[in-house]
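Colleague: Mind having a look at this structure? Questions to follow.
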Amino acid sequence: MKKKVNILLLVVTLIIFVLMGVSFATRDSVESGNLVGTVLRPFQQFFSGIGNGIRGGFTFLGDMKEFQAENIELKDQVAALQAKVRELESYKQENDRLRSLLELSTAESDLDMVVSKVIAKEPGNWFYSFTVDKGADDGIAIDDPVISGQGLVGRVVELGDHWAKVLTIIDSDSSVGALLSRTQDFAIVDGELSLADEGKCKMSYVTKGANIVLGDEVVTSGLGGVYPEGLLIGTVAEIKSDSLGYSQYALIDTAVDFERIREVMVVRNR
């Protein structure tokens, strides 16, 4: 069957060529030309359509390749712009942090402070302790207070020539003499393991009669000789009584965001 079809196609092709030859040979004869043209026209249109389709297909493929190249180029441009936006946002955030430190140094002009960048920290999201890029060669000493534009961060506990390790106030080994700004009642703010992951501290040794209210600001008292007076620790988030009922304690939302510390100020020569 396939062989018969091939023979038929061959015969049709031969007839077409013969008719085309007759058309060329008698092109001076109008009637003959019209007759042959009438016979050949459907075939000419058929093959012309095939040719146009093939040319259109090649044109489409060429356009597709061009569109694909343009698409890849546009994607690269978008990726580059997104990277630039992220870089600019990082610069903006750093600029905001440094501006807050500058405002802090202006407000606390009586303190000798040096800007330090965080260069290492313990694993995890929270900064219980971390290392900064300033040390003994920069005039830093053990127990020097560490602050940020938000408030109290902690104190220096270890020291090298060009680095210092800072223990933050949310660490369970930390303790700070505190004062309720509104009532002037003294207290102690301690880091507590169960609260650290919430960025909270515990304020204890508050007398039962102290008029504590939610939102009260808690600052450093200046007692103990480590931290200067008046540095913001945080605000009262919860108020509770101890098991014996003789005193009350509070949970403090710290002013500093201990998940996102990048730069701090170390107070020298305390």
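By convention in this document, the chains of the structure tokens carry letters A, B, ... by their order, each chain's residues are numbered from 1, and ligands are numbered from 1 in the order they are shown.
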For Asp216 in chain A, work out the shell of residues within 6 Å, counting only C-alpha atoms and skipping chain neighbours fewer than 2 positions away, then give it as a list in words.
Modeller: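 Selected residues are Val213, Leu214, Thr235 and Val236 of chain A.
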Colleague: Residues of the last selection are to be written out with N, CA, C and O atoms, as a PDB file, in the first residue's frame.
Modeller:
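Result written to part.pdb:
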```pdb
ATOM      1  N   VAL A 213       2.621  50.184  87.930  1.00  0.00           N
ATOM      2  CA  VAL A 213       1.562  50.026  86.932  1.00  0.00           C
ATOM      3  C   VAL A 213       2.194  49.545  85.630  1.00  0.00           C
ATOM      4  O   VAL A 213       3.393  49.749  85.383  1.00  0.00           O
ATOM      5  N   LEU A 214       1.393  48.896  84.818  1.00  0.00           N
ATOM      6  CA  LEU A 214       1.879  48.417  83.525  1.00  0.00           C
ATOM      7  C   LEU A 214       2.359  49.597  82.678  1.00  0.00           C
ATOM      8  O   LEU A 214       1.719  50.644  82.623  1.00  0.00           O
ATOM      9  N   THR A 235      10.286  48.363  80.165  1.00  0.00           N
ATOM     10  CA  THR A 235       9.001  48.768  80.736  1.00  0.00           C
ATOM     11  C   THR A 235       8.308  47.575  81.377  1.00  0.00           C
ATOM     12  O   THR A 235       8.517  46.422  80.978  1.00  0.00           O
ATOM     13  N   VAL A 236       7.465  47.860  82.365  1.00  0.00           N
ATOM     14  CA  VAL A 236       6.758  46.810  83.096  1.00  0.00           C
ATOM     15  C   VAL A 236       5.698  46.181  82.188  1.00  0.00           C
ATOM     16  O   VAL A 236       4.830  46.867  81.647  1.00  0.00           O
TER      17      VAL A 236
END
```
Colleague: Which residues, written as an MDAnalysis selection string, have at least one atom at most 8 Å from range 115-125 of chain A, with only C-alpha atoms counted and residues fewer than 5 positions away on the same chain left out?
Modeller: chainID A and resid 101 130:134 259 261:266
Colleague: With N, CA, C and O atoms retained, export the selected residues as a PDB file, in the first residue's frame.
Modeller:
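Written file, out07.pdb:
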```pdb
ATOM      1  N   LEU A 101      23.006  55.858  67.728  1.00  0.00           N
ATOM      2  CA  LEU A 101      24.192  55.887  68.583  1.00  0.00           C
ATOM      3  C   LEU A 101      24.757  57.303  68.687  1.00  0.00           C
ATOM      4  O   LEU A 101      25.228  57.728  69.753  1.00  0.00           O
ATOM      5  N   PHE A 130      27.930  38.299  73.339  1.00  0.00           N
ATOM      6  CA  PHE A 130      28.496  38.477  72.003  1.00  0.00           C
ATOM      7  C   PHE A 130      29.855  39.158  72.131  1.00  0.00           C
ATOM      8  O   PHE A 130      30.237  39.652  73.205  1.00  0.00           O
ATOM      9  N   THR A 131      30.593  39.192  71.034  1.00  0.00           N
ATOM     10  CA  THR A 131      31.932  39.775  71.004  1.00  0.00           C
ATOM     11  C   THR A 131      31.943  40.990  70.088  1.00  0.00           C
ATOM     12  O   THR A 131      31.357  40.960  69.007  1.00  0.00           O
ATOM     13  N   VAL A 132      32.617  42.050  70.543  1.00  0.00           N
ATOM     14  CA  VAL A 132      32.728  43.272  69.745  1.00  0.00           C
ATOM     15  C   VAL A 132      34.180  43.472  69.315  1.00  0.00           C
ATOM     16  O   VAL A 132      35.097  42.813  69.820  1.00  0.00           O
ATOM     17  N   ASP A 133      34.373  44.403  68.365  1.00  0.00           N
ATOM     18  CA  ASP A 133      35.686  44.587  67.739  1.00  0.00           C
ATOM     19  C   ASP A 133      36.571  45.628  68.433  1.00  0.00           C
ATOM     20  O   ASP A 133      37.514  46.134  67.834  1.00  0.00           O
ATOM     21  N   LYS A 134      36.288  45.940  69.681  1.00  0.00           N
ATOM     22  CA  LYS A 134      37.138  46.852  70.457  1.00  0.00           C
ATOM     23  C   LYS A 134      37.582  46.142  71.721  1.00  0.00           C
ATOM     24  O   LYS A 134      36.841  45.308  72.272  1.00  0.00           O
ATOM     25  N   GLU A 259      17.521  40.435  69.516  1.00  0.00           N
ATOM     26  CA  GLU A 259      17.637  39.582  68.334  1.00  0.00           C
ATOM     27  C   GLU A 259      18.405  40.269  67.213  1.00  0.00           C
ATOM     28  O   GLU A 259      18.870  39.604  66.289  1.00  0.00           O
ATOM     29  N   ILE A 261      21.036  42.981  67.419  1.00  0.00           N
ATOM     30  CA  ILE A 261      22.114  43.889  67.814  1.00  0.00           C
ATOM     31  C   ILE A 261      23.219  43.844  66.771  1.00  0.00           C
ATOM     32  O   ILE A 261      23.703  42.763  66.424  1.00  0.00           O
ATOM     33  N   ARG A 262      23.638  44.996  66.279  1.00  0.00           N
ATOM     34  CA  ARG A 262      24.708  45.070  65.294  1.00  0.00           C
ATOM     35  C   ARG A 262      25.856  45.978  65.751  1.00  0.00           C
ATOM     36  O   ARG A 262      27.021  45.665  65.529  1.00  0.00           O
ATOM     37  N   GLU A 263      25.501  47.099  66.336  1.00  0.00           N
ATOM     38  CA  GLU A 263      26.516  48.037  66.864  1.00  0.00           C
ATOM     39  C   GLU A 263      26.099  48.444  68.284  1.00  0.00           C
ATOM     40  O   GLU A 263      24.900  48.526  68.596  1.00  0.00           O
ATOM     41  N   VAL A 264      27.098  48.709  69.124  1.00  0.00           N
ATOM     42  CA  VAL A 264      26.836  49.152  70.505  1.00  0.00           C
ATOM     43  C   VAL A 264      27.850  50.221  70.892  1.00  0.00           C
ATOM     44  O   VAL A 264      28.817  50.478  70.157  1.00  0.00           O
ATOM     45  N   MET A 265      27.616  50.843  72.028  1.00  0.00           N
ATOM     46  CA  MET A 265      28.566  51.802  72.603  1.00  0.00           C
ATOM     47  C   MET A 265      29.079  51.222  73.913  1.00  0.00           C
ATOM     48  O   MET A 265      28.300  50.830  74.781  1.00  0.00           O
ATOM     49  N   VAL A 266      30.395  51.175  74.045  1.00  0.00           N
ATOM     50  CA  VAL A 266      31.010  50.723  75.301  1.00  0.00           C
ATOM     51  C   VAL A 266      31.415  51.977  76.079  1.00  0.00           C
ATOM     52  O   VAL A 266      32.106  52.857  75.565  1.00  0.00           O
TER      53      VAL A 266
END
```
Colleague: If we count only C-alpha atoms, what is near range 267-269 of chain A at a cut-off of 7 Å, once residues fewer than 5 positions away on the same chain are taken out, given as a list in words?
Modeller: Leu111, Asp112, Met113, Val114, Gly139, Ile140, Asp144, Pro145 and Val146 of chain A
Colleague: Give me the residues within 8 Å of Ile239 in chain A as a ChimeraX atom specification, counting only C-alpha atoms and dropping any in the same chain fewer than 2 places off.
Modeller: /A:212-214,236-237,241,248-251
Colleague: Contacts of Glu192 in chain A at 9 Å or less, counting only C-alpha atoms, minus same-chain residues fewer than 5 places along, as JSON, numbers by chain?
Modeller: {"A": [170, 171, 172, 173, 174, 200, 201, 202]}
Colleague: Take the residues from that selection and write them out as an mmCIF file, in the first residue's frame, keeping C-alpha atoms.
Modeller:
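Wrote it out as result.cif, contents follow:
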```cif
data_model
loop_
_atom_site.group_PDB
_atom_site.id
_atom_site.type_symbol
_atom_site.label_atom_id
_atom_site.label_comp_id
_atom_site.auth_asym_id
_atom_site.auth_seq_id
_atom_site.Cartn_x
_atom_site.Cartn_y
_atom_site.Cartn_z
ATOM 1 C CA ILE A 170 18.787 38.896 79.542
ATOM 2 C CA ASP A 171 21.464 36.328 80.448
ATOM 3 C CA SER A 172 20.720 34.376 83.638
ATOM 4 C CA ASP A 173 24.074 35.488 85.114
ATOM 5 C CA SER A 174 23.188 39.164 84.802
ATOM 6 C CA LYS A 200 12.230 39.786 79.063
ATOM 7 C CA CYS A 201 13.844 40.167 82.479
ATOM 8 C CA LYS A 202 12.520 39.803 86.036
#
```
Colleague: For the structure I just gave you, how does DSSP split range 185-260 of chain A - specifically, which residues are strand (DSSP E)? Reply as a VMD selection string.
Modeller: chain A and resid 186 to 190 200 to 207 217 to 220 232 to 241 247 to 254
Colleague: Under the rule that only C-alpha atoms are counted, which of A:Gly209, A:Gly191, A:Gly160, A:Gly154 is the nearest residue to Val226 in chain A?
Modeller: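 Closest to Val226 in chain A of all the choices is A:Gly154.
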Colleague: Which distance in Å separates CA of Asp197 in chain A and CA of Gln184 in chain A, to one decimal?
Modeller: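 Value for the CA of Asp197 in chain A-CA of Gln184 in chain A distance: 28.6 Å.
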Colleague: Can you tell me, as a list in words, what residues are no more than 12 Å from Gly224 in chain A when counting only C-alpha atoms, ignoring any on the same chain fewer than 6 positions away?
Modeller: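 So the residues in contact are Asp143, Ser175, Val176, Gly177, Ala178, Ile188 and Arg270 of chain A.
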